[in-house]
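Pasted below: run_7.txt, compact mmCIF, C-alpha atoms and all ligand atoms.
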# COMPACT_ATOMS: atom_id res chain seq x y z
CA MET A 1 -9.07 6.68 -11.15
CA ASP A 2 -5.60 7.70 -12.27
CA PRO A 3 -3.56 4.55 -12.80
CA VAL A 4 -0.23 6.39 -13.08
CA ALA A 5 2.12 5.36 -10.30
CA GLY A 6 5.69 5.98 -9.30
CA THR A 7 5.61 9.27 -11.17
CA ALA A 8 8.08 12.05 -10.53
CA GLU A 9 8.45 15.68 -11.45
CA HIS A 10 11.79 17.49 -11.46
CA ARG A 11 11.87 21.03 -10.09
CA GLY A 12 15.47 22.04 -10.42
CA PRO A 13 18.39 19.66 -10.10
CA VAL A 14 17.80 18.45 -6.55
CA GLU A 15 14.12 18.87 -5.86
CA VAL A 16 11.86 15.98 -6.75
CA ARG A 17 8.26 15.03 -6.13
CA ALA A 18 6.76 11.58 -6.58
CA ARG A 19 3.39 10.06 -5.86
CA ALA A 20 1.98 6.54 -5.67
CA PRO A 21 -1.58 5.27 -5.23
CA GLY A 22 -3.22 3.07 -2.63
CA LYS A 23 -5.12 -0.06 -3.59
CA ILE A 24 -7.99 -2.37 -2.86
CA ILE A 25 -7.76 -6.15 -2.93
CA LEU A 26 -10.81 -7.72 -4.58
CA THR A 27 -9.85 -11.29 -3.68
CA GLY A 28 -6.88 -13.20 -2.29
CA GLU A 29 -5.34 -11.20 0.57
CA HIS A 30 -3.35 -13.33 3.04
CA ALA A 31 -3.64 -16.42 0.79
CA VAL A 32 -1.37 -14.53 -1.67
CA VAL A 33 1.40 -14.60 0.96
CA HIS A 34 1.14 -18.42 0.78
CA GLY A 35 1.30 -18.63 -3.02
CA SER A 36 -2.36 -18.19 -4.07
CA ALA A 37 -3.49 -15.75 -6.75
CA ALA A 38 -5.00 -12.40 -5.72
CA VAL A 39 -6.65 -9.56 -7.63
CA ALA A 40 -6.00 -5.91 -6.74
CA ALA A 41 -6.67 -2.49 -8.25
CA ALA A 42 -5.04 0.90 -7.70
CA ILE A 43 -7.38 3.61 -6.36
CA ASP A 44 -7.44 7.34 -6.82
CA LEU A 45 -5.93 8.16 -3.42
CA TYR A 46 -2.22 8.97 -3.30
CA THR A 47 0.79 9.33 -1.05
CA ASN A 48 3.04 12.21 -2.12
CA SER A 49 6.74 12.38 -1.25
CA SER A 50 8.85 15.41 -2.01
CA LEU A 51 12.58 15.52 -1.56
CA LEU A 52 15.00 18.43 -1.40
CA LEU A 53 18.69 17.51 -1.48
CA ARG A 54 20.98 20.08 0.09
CA PRO A 55 24.64 20.74 -0.75
CA ALA A 56 26.82 18.43 1.35
CA GLY A 57 28.45 19.79 4.50
CA PRO A 58 28.32 23.13 6.34
CA GLY A 59 29.62 26.33 4.76
CA GLU A 60 28.28 25.40 1.36
CA GLY A 61 25.18 27.52 1.56
CA GLY A 62 22.88 24.79 2.77
CA GLY A 63 21.65 26.78 5.80
CA ALA A 64 20.12 25.32 8.98
CA GLY A 65 19.67 21.56 8.88
CA SER A 66 21.95 21.39 5.86
CA SER A 67 23.95 18.53 7.28
CA ALA A 68 21.03 16.49 8.46
CA VAL A 69 18.48 14.11 7.01
CA GLU A 70 15.01 15.38 7.87
CA LEU A 71 11.56 13.88 7.53
CA ASP A 72 8.37 15.91 7.79
CA LEU A 73 5.23 13.75 8.12
CA ARG A 74 2.57 16.34 7.32
CA ASP A 75 -0.49 14.27 8.26
CA SER A 76 0.87 13.35 11.69
CA GLY A 77 2.28 16.84 12.29
CA LEU A 78 5.63 15.30 13.27
CA THR A 79 9.12 16.10 12.05
CA PHE A 80 12.31 14.09 12.58
CA SER A 81 15.94 15.00 12.04
CA TRP A 82 19.17 12.97 12.09
CA PRO A 83 22.54 14.78 11.79
CA CYS A 84 24.54 13.17 8.98
CA SER A 85 27.43 12.61 11.41
CA ARG A 86 25.07 10.65 13.70
CA LEU A 87 23.84 8.55 10.76
CA ARG A 88 27.44 7.79 9.74
CA GLY A 89 28.34 6.93 13.34
CA ALA A 90 25.35 4.62 13.84
CA LEU A 91 25.34 2.92 10.46
CA GLY A 92 29.13 2.90 10.01
CA GLU A 93 30.07 0.12 7.63
CA GLU A 94 26.40 -0.42 6.86
CA ILE A 95 26.22 2.72 4.72
CA SER A 96 27.07 2.17 1.12
CA ALA A 97 24.62 3.83 -1.22
CA ASN A 98 23.90 1.52 -4.10
CA PRO A 99 20.68 2.68 -5.76
CA GLY A 100 20.96 0.26 -8.69
CA ALA A 101 21.10 -2.87 -6.53
CA PRO A 102 18.12 -3.30 -4.18
CA ALA A 103 19.13 -5.45 -1.22
CA PRO A 104 17.31 -6.45 1.97
CA CYS A 105 17.89 -4.60 5.23
CA SER A 106 20.46 -6.66 7.15
CA PRO A 107 19.90 -7.46 10.86
CA ASP A 108 22.84 -5.12 11.72
CA GLN A 109 21.32 -2.30 9.68
CA LEU A 110 17.94 -2.86 11.34
CA ALA A 111 19.53 -2.77 14.82
CA ALA A 112 21.36 0.47 13.94
CA ILE A 113 18.13 1.99 12.61
CA ALA A 114 16.36 1.02 15.87
CA ARG A 115 19.05 2.96 17.77
CA LEU A 116 18.56 5.96 15.49
CA LEU A 117 14.82 5.91 16.25
CA GLN A 118 15.56 5.99 19.99
CA ASP A 119 17.07 9.47 19.43
CA GLN A 120 13.67 10.74 18.36
CA ASP A 121 10.77 11.63 20.60
CA ILE A 122 8.05 9.55 19.01
CA PRO A 123 4.85 10.12 21.01
CA GLU A 124 3.60 6.85 22.56
CA ALA A 125 0.22 7.32 20.82
CA LYS A 126 1.99 7.31 17.45
CA ILE A 127 4.54 4.60 18.10
CA TRP A 128 3.19 2.61 15.11
CA LEU A 129 4.96 5.20 12.94
CA SER A 130 8.28 3.55 13.92
CA ALA A 131 7.83 0.95 11.16
CA GLY A 132 7.43 3.69 8.53
CA LEU A 133 10.38 5.64 9.97
CA SER A 134 12.59 2.53 9.85
CA ALA A 135 11.63 1.94 6.21
CA PHE A 136 12.40 5.61 5.45
CA LEU A 137 15.87 5.51 7.05
CA PHE A 138 16.66 2.24 5.29
CA LEU A 139 15.54 3.47 1.84
CA TYR A 140 17.16 6.90 2.23
CA THR A 141 20.57 5.68 3.37
CA SER A 142 20.63 2.72 0.96
CA ILE A 143 19.83 4.94 -2.03
CA LEU A 144 21.47 8.26 -1.13
CA GLY A 145 23.91 7.36 1.66
CA CYS A 146 24.27 10.24 4.13
CA ARG A 147 23.60 13.11 1.74
CA PRO A 148 21.76 15.86 3.62
CA GLY A 149 18.20 16.39 2.54
CA LYS A 150 14.62 16.91 3.59
CA ALA A 151 11.68 14.67 2.71
CA VAL A 152 8.08 15.78 3.13
CA VAL A 153 5.29 13.18 3.01
CA SER A 154 1.53 13.67 2.84
CA SER A 155 -1.18 11.19 1.99
CA ASP A 156 -4.87 10.90 1.08
CA LEU A 157 -4.85 7.35 2.47
CA PRO A 158 -5.92 6.34 5.97
CA MET A 159 -2.86 4.77 7.59
CA GLY A 160 -3.03 1.12 8.63
CA ALA A 161 -6.54 0.62 7.25
CA GLY A 162 -6.03 -1.93 4.46
CA LEU A 163 -5.70 0.47 1.54
CA GLY A 164 -1.97 -0.06 1.11
CA SER A 165 -0.68 3.05 2.91
CA SER A 166 2.63 1.31 3.72
CA ALA A 167 3.20 0.34 0.08
CA ALA A 168 2.23 3.79 -1.28
CA PHE A 169 4.68 5.31 1.25
CA CYS A 170 7.53 2.99 0.17
CA VAL A 171 6.78 3.37 -3.58
CA SER A 172 6.51 7.17 -3.59
CA MET A 173 9.59 7.51 -1.36
CA SER A 174 11.65 5.08 -3.49
CA GLY A 175 10.52 6.94 -6.63
CA ALA A 176 11.64 10.29 -5.19
CA LEU A 177 14.96 8.95 -3.82
CA LEU A 178 15.91 7.08 -6.99
CA THR A 179 15.04 10.08 -9.18
CA ALA A 180 17.09 12.40 -6.93
CA ALA A 181 19.98 9.92 -7.06
CA GLY A 182 19.84 10.04 -10.86
CA ALA A 183 19.32 6.27 -10.92
CA VAL A 184 16.08 6.39 -12.93
CA SER A 185 14.66 8.49 -15.69
CA VAL A 186 11.23 9.41 -16.96
CA GLY A 187 9.81 7.95 -20.16
CA ALA A 188 8.21 9.76 -23.10
CA HIS A 189 4.70 9.17 -21.77
CA ARG A 190 2.93 11.91 -19.77
CA GLY A 191 0.52 10.79 -17.08
CA ALA A 192 -2.53 12.40 -15.53
CA GLU A 193 -2.36 15.98 -14.24
CA GLY A 194 0.94 16.58 -16.03
CA TRP A 195 2.94 14.04 -14.01
CA GLU A 196 5.86 12.45 -15.77
CA VAL A 197 5.81 8.65 -15.72
CA LEU A 198 8.97 6.68 -15.03
CA GLU A 199 9.98 4.32 -17.79
CA LYS A 200 9.35 0.57 -17.39
CA GLY A 201 12.86 -0.37 -16.13
CA ALA A 202 12.75 2.54 -13.67
CA LEU A 203 9.40 1.34 -12.33
CA GLU A 204 10.88 -2.14 -11.85
CA LEU A 205 13.70 -0.65 -9.76
CA VAL A 206 11.27 1.47 -7.71
CA ASN A 207 9.15 -1.64 -7.13
CA GLN A 208 12.13 -3.70 -5.94
CA TRP A 209 13.24 -1.04 -3.46
CA ALA A 210 9.66 -0.50 -2.26
CA PHE A 211 9.40 -4.26 -1.64
CA GLN A 212 12.49 -4.09 0.58
CA GLY A 213 10.83 -1.22 2.49
CA GLU A 214 7.56 -3.18 2.78
CA LYS A 215 9.52 -6.09 4.30
CA ILE A 216 10.51 -3.81 7.18
CA ILE A 217 6.88 -2.78 7.74
CA HIS A 218 5.04 -6.07 6.97
CA GLY A 219 7.58 -8.75 7.90
CA LYS A 220 6.59 -11.14 5.10
CA PRO A 221 4.83 -9.23 2.31
CA SER A 222 3.76 -11.01 -0.86
CA GLY A 223 4.70 -7.95 -2.95
CA ILE A 224 1.16 -7.39 -4.27
CA ASP A 225 0.69 -3.99 -2.58
CA ASN A 226 3.95 -2.43 -3.82
CA SER A 227 3.40 -3.93 -7.29
CA VAL A 228 -0.09 -2.51 -7.76
CA SER A 229 1.02 0.84 -6.29
CA THR A 230 3.99 0.98 -8.70
CA PHE A 231 2.34 -0.26 -11.89
CA GLY A 232 -1.24 0.86 -11.23
CA LYS A 233 -4.45 -0.40 -12.83
CA MET A 234 -5.96 -3.80 -12.02
CA ILE A 235 -3.68 -6.80 -11.64
CA LYS A 236 -3.70 -10.47 -10.87
CA PHE A 237 -0.69 -11.36 -8.72
CA LYS A 238 0.62 -14.82 -7.95
CA LYS A 239 4.04 -15.84 -6.57
CA GLY A 240 5.59 -12.53 -7.62
CA GLU A 241 4.15 -12.73 -11.16
CA LEU A 242 1.93 -9.86 -12.25
CA THR A 243 -0.72 -10.02 -14.99
CA ASN A 244 -2.51 -6.84 -16.08
CA LEU A 245 -6.29 -7.21 -16.10
CA GLU A 246 -8.57 -5.08 -18.20
CA SER A 247 -12.09 -4.74 -16.94
CA ARG A 248 -14.40 -4.00 -19.89
CA ASN A 249 -17.09 -2.51 -17.65
CA PRO A 250 -16.51 -0.14 -14.75
CA VAL A 251 -16.53 -1.83 -11.33
CA LYS A 252 -17.91 0.37 -8.55
CA MET A 253 -17.20 -0.23 -4.88
CA LEU A 254 -18.17 1.47 -1.67
CA ILE A 255 -15.26 1.50 0.78
CA THR A 256 -16.15 1.61 4.47
CA ASP A 257 -13.34 2.49 6.85
CA THR A 258 -14.34 1.05 10.24
CA ARG A 259 -11.58 3.20 11.79
CA VAL A 260 -10.54 0.19 13.85
CA GLY A 261 -6.74 0.30 13.92
CA ARG A 262 -4.77 -2.83 13.04
CA ASN A 263 -1.37 -3.85 11.90
CA THR A 264 -0.71 -5.89 8.78
CA LYS A 265 2.50 -7.45 10.15
CA ALA A 266 0.69 -8.97 13.16
CA LEU A 267 -2.25 -10.20 11.06
CA VAL A 268 0.02 -11.84 8.45
CA ALA A 269 1.99 -13.52 11.26
CA GLY A 270 -1.29 -14.73 12.86
CA VAL A 271 -2.39 -16.42 9.62
CA SER A 272 1.02 -18.10 9.25
CA GLU A 273 0.77 -19.39 12.81
CA ARG A 274 -2.70 -20.83 12.10
CA ALA A 275 -1.27 -22.42 8.93
CA SER A 276 1.50 -24.09 10.92
CA ARG A 277 -1.03 -25.41 13.48
CA HIS A 278 -3.41 -26.75 10.78
CA PRO A 279 -1.31 -27.20 7.62
CA ASP A 280 -3.74 -29.40 5.67
CA ALA A 281 -6.88 -27.45 6.49
CA MET A 282 -5.21 -24.12 5.71
CA ALA A 283 -3.70 -25.48 2.47
CA SER A 284 -7.28 -26.26 1.38
CA VAL A 285 -8.39 -22.75 2.34
CA PHE A 286 -5.53 -21.18 0.36
CA HIS A 287 -6.29 -23.45 -2.60
CA ALA A 288 -9.96 -22.40 -2.54
CA VAL A 289 -8.93 -18.71 -2.48
CA ASN A 290 -6.64 -19.32 -5.45
CA THR A 291 -9.57 -20.76 -7.44
CA ILE A 292 -11.77 -17.81 -6.46
CA SER A 293 -9.14 -15.27 -7.62
CA GLU A 294 -8.57 -17.11 -10.90
CA GLU A 295 -12.32 -17.19 -11.56
CA LEU A 296 -12.78 -13.55 -10.57
CA SER A 297 -9.93 -12.38 -12.81
CA SER A 298 -11.46 -14.09 -15.84
CA ILE A 299 -14.93 -12.67 -15.08
CA VAL A 300 -13.57 -9.14 -14.69
CA GLU A 301 -12.21 -9.31 -18.23
CA LEU A 302 -15.45 -10.56 -19.80
CA VAL A 303 -17.26 -8.08 -22.03
CA ALA A 304 -20.76 -7.54 -20.70
CA GLU A 305 -22.73 -6.08 -23.56
CA ASP A 306 -26.24 -5.55 -22.28
CA GLU A 307 -27.81 -4.95 -18.89
CA ILE A 308 -28.68 -8.61 -18.30
CA ALA A 309 -25.11 -9.66 -18.99
CA ILE A 310 -23.77 -6.92 -16.71
CA THR A 311 -26.10 -8.09 -13.95
CA SER A 312 -25.01 -11.71 -14.23
CA LYS A 313 -21.33 -10.64 -14.32
CA GLU A 314 -21.84 -8.57 -11.16
CA ASP A 315 -23.75 -11.41 -9.48
CA LYS A 316 -20.75 -13.67 -10.05
CA LEU A 317 -18.30 -11.07 -8.73
CA ALA A 318 -20.48 -10.59 -5.64
CA GLU A 319 -20.71 -14.32 -5.00
CA LEU A 320 -16.95 -14.79 -5.31
CA MET A 321 -16.32 -11.87 -2.93
CA GLU A 322 -18.79 -13.38 -0.46
CA MET A 323 -17.04 -16.76 -0.65
CA ASN A 324 -13.65 -15.11 -0.17
CA GLN A 325 -14.95 -13.29 2.92
CA GLY A 326 -16.00 -16.65 4.42
CA LEU A 327 -12.50 -17.98 3.89
CA LEU A 328 -10.95 -14.86 5.43
CA GLN A 329 -13.08 -15.57 8.50
CA CYS A 330 -11.59 -19.09 8.45
CA MET A 331 -8.13 -17.51 8.50
CA GLY A 332 -9.09 -15.53 11.62
CA VAL A 333 -8.72 -12.02 10.19
CA SER A 334 -12.30 -10.73 10.41
CA HIS A 335 -13.43 -8.43 13.23
CA SER A 336 -16.71 -7.47 14.88
CA SER A 337 -16.63 -4.09 13.08
CA ILE A 338 -16.23 -5.90 9.73
CA GLU A 339 -19.12 -8.22 10.64
CA THR A 340 -21.28 -5.15 11.39
CA VAL A 341 -20.55 -3.76 7.91
CA LEU A 342 -21.38 -7.16 6.32
CA ARG A 343 -24.71 -7.38 8.20
CA THR A 344 -25.63 -3.77 7.44
CA THR A 345 -24.97 -3.99 3.70
CA LEU A 346 -26.72 -7.37 3.46
CA LYS A 347 -29.94 -5.71 4.70
CA TYR A 348 -29.81 -3.80 1.39
CA SER A 349 -28.88 -6.97 -0.58
CA LEU A 350 -25.33 -5.70 -1.07
CA VAL A 351 -22.32 -8.01 -0.71
CA SER A 352 -19.16 -7.00 1.16
CA LYS A 353 -15.77 -8.36 2.10
CA LEU A 354 -12.81 -7.04 4.04
CA THR A 355 -9.93 -5.68 1.99
CA GLY A 356 -6.23 -5.68 2.87
CA ALA A 357 -5.13 -7.39 6.04
CA GLY A 358 -8.48 -7.21 7.91
CA GLY A 359 -8.72 -7.14 11.72
CA GLY A 360 -10.64 -3.83 11.35
CA GLY A 361 -9.67 -1.34 8.65
CA CYS A 362 -11.62 -1.16 5.40
CA VAL A 363 -14.46 -3.20 3.91
CA LEU A 364 -15.46 -3.30 0.21
CA THR A 365 -19.08 -3.37 -0.93
CA LEU A 366 -19.83 -4.09 -4.58
CA ILE A 367 -22.22 -1.50 -6.03
CA PRO A 368 -24.17 -3.12 -8.88
CA THR A 369 -24.69 -0.92 -11.96
CA LEU A 370 -28.47 -1.05 -11.58
CA SER A 371 -28.58 -0.27 -7.85
CA SER A 372 -30.43 2.94 -7.02
CA ASN A 373 -28.82 6.00 -5.51
CA ILE A 374 -31.45 5.93 -2.78
CA VAL A 375 -30.24 2.51 -1.59
CA LEU A 376 -26.65 3.71 -1.68
CA GLU A 377 -27.50 6.82 0.32
CA LYS A 378 -29.44 4.78 2.91
CA VAL A 379 -26.71 2.17 3.40
CA THR A 380 -24.05 4.88 3.61
CA ARG A 381 -26.07 6.77 6.23
CA GLU A 382 -26.54 3.61 8.29
CA LEU A 383 -22.85 2.72 8.09
CA GLU A 384 -21.84 6.25 9.04
CA SER A 385 -24.19 6.11 12.05
CA HIS A 386 -21.76 3.49 13.47
CA GLY A 387 -18.94 6.05 13.21
CA TYR A 388 -17.53 4.49 10.01
CA ARG A 389 -16.38 6.59 7.03
CA CYS A 390 -17.64 5.72 3.53
CA PHE A 391 -16.39 6.68 0.09
CA LYS A 392 -16.94 5.43 -3.45
CA VAL A 393 -14.30 4.24 -5.92
CA GLU A 394 -14.67 3.15 -9.53
CA PHE A 395 -12.11 1.46 -11.78
CA LEU A 396 -11.80 -0.12 -15.19
N1 LIG B 401 2.38 8.38 5.05
C1 LIG B 401 3.08 7.62 5.92
N2 LIG B 401 4.06 8.15 6.68
C2 LIG B 401 4.75 7.39 7.55
N3 LIG B 401 4.54 6.07 7.76
C3 LIG B 401 3.58 5.50 7.04
C4 LIG B 401 2.80 6.23 6.08
N4 LIG B 401 1.91 5.39 5.54
C5 LIG B 401 2.12 4.19 6.13
N5 LIG B 401 3.11 4.26 7.03
C6 LIG B 401 3.62 3.15 7.87
O1 LIG B 401 2.92 1.98 7.52
C7 LIG B 401 2.16 1.48 8.65
C8 LIG B 401 0.84 0.94 8.16
O2 LIG B 401 1.12 -0.18 7.37
P1 LIG B 401 0.18 -1.44 7.37
O3 LIG B 401 0.75 -2.33 6.35
O4 LIG B 401 -0.03 -1.97 8.73
O5 LIG B 401 -1.25 -0.88 6.86
P2 LIG B 401 -1.72 -0.50 5.38
O6 LIG B 401 -0.56 -0.59 4.47
O7 LIG B 401 -2.43 0.79 5.46
O8 LIG B 401 -2.78 -1.65 5.07
P3 LIG B 401 -2.59 -3.00 4.17
O9 LIG B 401 -1.18 -3.42 4.34
O10 LIG B 401 -3.55 -3.98 4.79
O11 LIG B 401 -2.99 -2.59 2.83
C9 LIG B 401 1.99 2.67 9.57
O12 LIG B 401 1.83 2.25 10.89
C10 LIG B 401 3.32 3.42 9.35
O13 LIG B 401 4.34 2.85 10.12
C1 LIG B 402 -2.53 -9.27 3.90
C2 LIG B 402 -1.78 -9.07 2.58
O1 LIG B 402 -2.06 -10.20 1.76
C3 LIG B 402 -2.29 -7.85 1.83
C4 LIG B 402 -2.24 -6.56 2.59
O2 LIG B 402 -2.74 -5.53 1.76
C5 LIG B 402 -0.30 -8.98 2.87
C6 LIG B 402 0.56 -9.14 1.65
O3 LIG B 402 0.13 -9.71 0.65
O4 LIG B 402 1.71 -8.70 1.71
MG MG B 403 0.57 -2.34 4.26

Will you turn the file into structure tokens for me?
Ligand SMILES: Nc1ncnc2c1ncn2[C@@H]1O[C@H](COP(=O)(O)OP(=O)(O)OP(=O)(O)O)[C@@H](O)[C@H]1O
Ligand SMILES: C[C@@](O)(CCO)CC(=O)[O-]
Ligand SMILES: [Mg+2]
Amino acid sequence: MDPVAGTAEHRGPVEVRARAPGKIILTGEHAVVHGSAAVAAAIDLYTNSSLLLRPAGPGEGGGAGSSAVELDLRDSGLTFSWPCSRLRGALGEEISANPGAPAPCSPDQLAAIARLLQDQDIPEAKIWLSAGLSAFLFLYTSILGCRPGKAVVSSDLPMGAGLGSSAAFCVSMSGALLTAAGAVSVGAHRGAEGWEVLEKGALELVNQWAFQGEKIIHGKPSGIDNSVSTFGKMIKFKKGELTNLESRNPVKMLITDTRVGRNTKALVAGVSERASRHPDAMASVFHAVNTISEELSSIVELVAEDEIAITSKEDKLAELMEMNQGLLQCMGVSHSSIETVLRTTLKYSLVSKLTGAGGGGCVLTLIPTLSSNIVLEKVTRELESHGYRCFKVEFL
């Protein structure tokens, strides 16, 4: 896994590329929105955003599309274009590029952005992209105003599946926009594959903007997804506070994507509604999740020196994940496809839990160090026979 996030590479004065990773949540999703601790790790799957800024206005050699803001979503095969004059007309007073001061999208801005989306022919089958498009227009115009340019986005991550695609989109886009605006600079450190890494203050700014973008997509995000995508590695996150965790032994997980589509915003709202119907019961559930995350984060950092110690460490991780899954069921965010994965992996004595917002999407299965490849192959084959997609991740 490459923990470098929010990286950017300059190619000439106005062409920038940035990438940011997805994540898994080991414990604490949903409860983290209500103040509990959660543990997450960046994974080696990235969203890439590239940005080409054109000279402003016609007649300055910008060519076709030179006075428009364009977005090319490579994975969806869709492109969008807004003439700068249309952006200025719709956003009017709302446009004042201020890259150094992240601010929330105002209701007026959001209404204007909704009108700008109506100009585009978004196919009904891909209407869920509207949230990402709104976040893009908000981030672009807040950071660069109406400067003409073209953004191209591609991703290794399944969209809307619990692996933080929305956060990786907002982090990589904020990184590219802020670098193009000249608002951030790279540090001395070189990351993996030759990527330059933004310096600490720059990453903070990227993270703050990405959080504002996530708010448009998620409604009420805790900030864990954008934080782990920006800063990478494994983190404990509680009430906006981030603690870096260092696992002394590699943790291996099988990720199963059930391919059941879901939407984090609706799931987060559903848990909040349950919490307002049963405040005391849900407060106990959130408290229990907090304890589980605190315990898991201290176990992850333990040094396991021999095989017995590794086994007992993994047994504890598995038990905590299992307990967390039970509490996620209590919150109402499991799904029959998730239950199928749990039952299937349990046949092979492997423990699983949903990751991200649930309701479908991805499930994590802990792969103990001593488990045989034959078991892993068998469980993978059985999961794939249900139409699910499996892949392995490992992190320290
Ligand atoms: N590469 C992308 N291009 C455009 N929009 C994107 C992209 N990635 C994510 N999005 C937007 O984010 C939405 C998915 O966000 P959502 O939060 O529901 O799922 P997730 O982030 O994959 O999972 P989780 O939040 O549980 O980790 C998509 O419907 C789309 O609007
Ligand atoms: C469900 C949730 O807890 C995690 C989604 O990856 C939402 C959030 O924390 O913003
Ligand atoms: Mg998301």

Which polymer residues have any atom within 9 Å of an atom of region 311-322 of chain A, counting only C-alpha atoms, with same-chain residues fewer than 3 positions away left out, as a compact mmCIF listing (two decimals) with C-alpha atoms, keeping the file's coordinate frame?
# COMPACT_ATOMS: atom_id res chain seq x y z
CA LEU A 26 -10.81 -7.72 -4.58
CA THR A 27 -9.85 -11.29 -3.68
CA VAL A 251 -16.53 -1.83 -11.33
CA ILE A 292 -11.77 -17.81 -6.46
CA SER A 293 -9.14 -15.27 -7.62
CA GLU A 295 -12.32 -17.19 -11.56
CA LEU A 296 -12.78 -13.55 -10.57
CA ILE A 299 -14.93 -12.67 -15.08
CA VAL A 300 -13.57 -9.14 -14.69
CA LEU A 302 -15.45 -10.56 -19.80
CA ALA A 304 -20.76 -7.54 -20.70
CA ASP A 306 -26.24 -5.55 -22.28
CA GLU A 307 -27.81 -4.95 -18.89
CA ILE A 308 -28.68 -8.61 -18.30
CA GLN A 325 -14.95 -13.29 2.92
CA GLY A 326 -16.00 -16.65 4.42
CA LEU A 327 -12.50 -17.98 3.89
CA LEU A 350 -25.33 -5.70 -1.07
CA VAL A 351 -22.32 -8.01 -0.71
CA SER A 352 -19.16 -7.00 1.16
CA LYS A 353 -15.77 -8.36 2.10
CA THR A 365 -19.08 -3.37 -0.93
CA LEU A 366 -19.83 -4.09 -4.58
CA ILE A 367 -22.22 -1.50 -6.03
CA PRO A 368 -24.17 -3.12 -8.88
CA THR A 369 -24.69 -0.92 -11.96
CA LEU A 370 -28.47 -1.05 -11.58

Could you give me, as a tab-separated table, every chain A residue with an atom at most 9 Å from ligand MG 403 (chain B), plus its closest atom pair and distance in Å to one decimal, counting only C-alpha atoms and all ligand atoms, rows ordered by chain then number?
residue	atom	partner	partner_atom	distance
A:Met159	CA	B:MG403	MG	8.6
A:Gly160	CA	B:MG403	MG	6.6
A:Ala161	CA	B:MG403	MG	8.3
A:Gly162	CA	B:MG403	MG	6.6
A:Leu163	CA	B:MG403	MG	7.4
A:Gly164	CA	B:MG403	MG	4.6
A:Ser165	CA	B:MG403	MG	5.7
A:Ser166	CA	B:MG403	MG	4.2
A:Ala167	CA	B:MG403	MG	5.6
A:Ala168	CA	B:MG403	MG	8.4
A:Glu214	CA	B:MG403	MG	7.2
A:Ile217	CA	B:MG403	MG	7.2
A:His218	CA	B:MG403	MG	6.4
A:Pro221	CA	B:MG403	MG	8.3
A:Asp225	CA	B:MG403	MG	7.0
A:Asn226	CA	B:MG403	MG	8.8
A:Asn263	CA	B:MG403	MG	8.0
A:Thr264	CA	B:MG403	MG	5.9
A:Lys265	CA	B:MG403	MG	8.0
A:Gly356	CA	B:MG403	MG	7.7
A:Ala357	CA	B:MG403	MG	7.8

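For Thr243 (chain A), the set of protein, DNA and RNA residues having any atom at most 10 Å away, when counting all atoms listed in the file and skipping those fewer than 3 positions along the same chain, is Val39, Met234, Ile235, Lys236, Phe237, Lys238, Glu246 and Ser297 of chain A.
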
Create the file for the chosen residues now, containing C-alpha atoms and written as a PDB file, in the coordinates of the input.
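Contents of out-v3.pdb, freshly written:
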ATOM      1  CA  VAL A  39      -6.650  -9.560  -7.630  1.00  0.00           C
ATOM      2  CA  MET A 234      -5.960  -3.800 -12.020  1.00  0.00           C
ATOM      3  CA  ILE A 235      -3.680  -6.800 -11.640  1.00  0.00           C
ATOM      4  CA  LYS A 236      -3.700 -10.470 -10.870  1.00  0.00           C
ATOM      5  CA  PHE A 237      -0.690 -11.360  -8.720  1.00  0.00           C
ATOM      6  CA  LYS A 238       0.620 -14.820  -7.950  1.00  0.00           C
ATOM      7  CA  GLU A 246      -8.570  -5.080 -18.200  1.00  0.00           C
ATOM      8  CA  SER A 297      -9.930 -12.380 -12.810  1.00  0.00           C
TER       9      SER A 297
END

Practice task
Tell me, as number ranges by chain, which residues lie within 9 Å of region 40-51 of chain A, counting all atoms listed in the file; anything in the same chain fewer than 4 positions away does not count.
Solution key: A: 1-3, 5, 14-28, 149-157, 163, 165, 168-169, 171-173, 175-177, 180, 224-225, 228-229, 231-237, 393-396

Handout entry: Coordinates-based distance that separates CA of Ile216 (chain A) from CA of Gln120 (chain A) (Å, one decimal)
Key =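 Taking CA of Gln120 (chain A) as the start and CA of Ile216 (chain A) as the end point, the length is 18.6 Å.
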
Exercise for the section: Report the distance between CA of Arg274 (chain A) and CA of Ile127 (chain A) in Å, rounded to one decimal place. Expected result: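 Pair CA of Arg274 (chain A) / CA of Ile127 (chain A) returns 27.1 Å.
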
Handout entry: Nearby residues (only C-alpha atoms) at most 10 Å from Leu133 (chain A), same-chain spacing under 6 positions excluded, as a ChimeraX atom specification
Key = /A:71,73,80,113-114,116-117,139,216-217

Exercise for the section: Excluding His386 (chain A) and any residue of its chain fewer than 3 positions from it, enumerate the residues within 12 Å of it, using only C-alpha atoms, and give them as a ChimeraX atom specification. Expected result: /A:256-260,337-338,340-341,344,379-383,389-390

Please put the answer as AutoDock Vina command-line options: centre and edge lengths, in Å with one decimal, of a box along x, y and z that encloses all listed atoms of ligand LIG 401 (chain B) plus 8 Å on each side.
--center_x 0.6 --center_y 2.2 --center_z 6.9 --size_x 24.3 --size_y 28.4 --size_z 24.1

Exercise for the section: Work out how far apart CA of Val206 (chain A) and CA of Ser174 (chain A) are and give it in Å to one decimal. Expected result: 5.6 Å

Problem - Pick from A:Ser371, A:Val184, A:Leu87, A:Thr179, whichever lies nearest to Phe138 (chain A) using all atoms listed in the file - result: A:Leu87
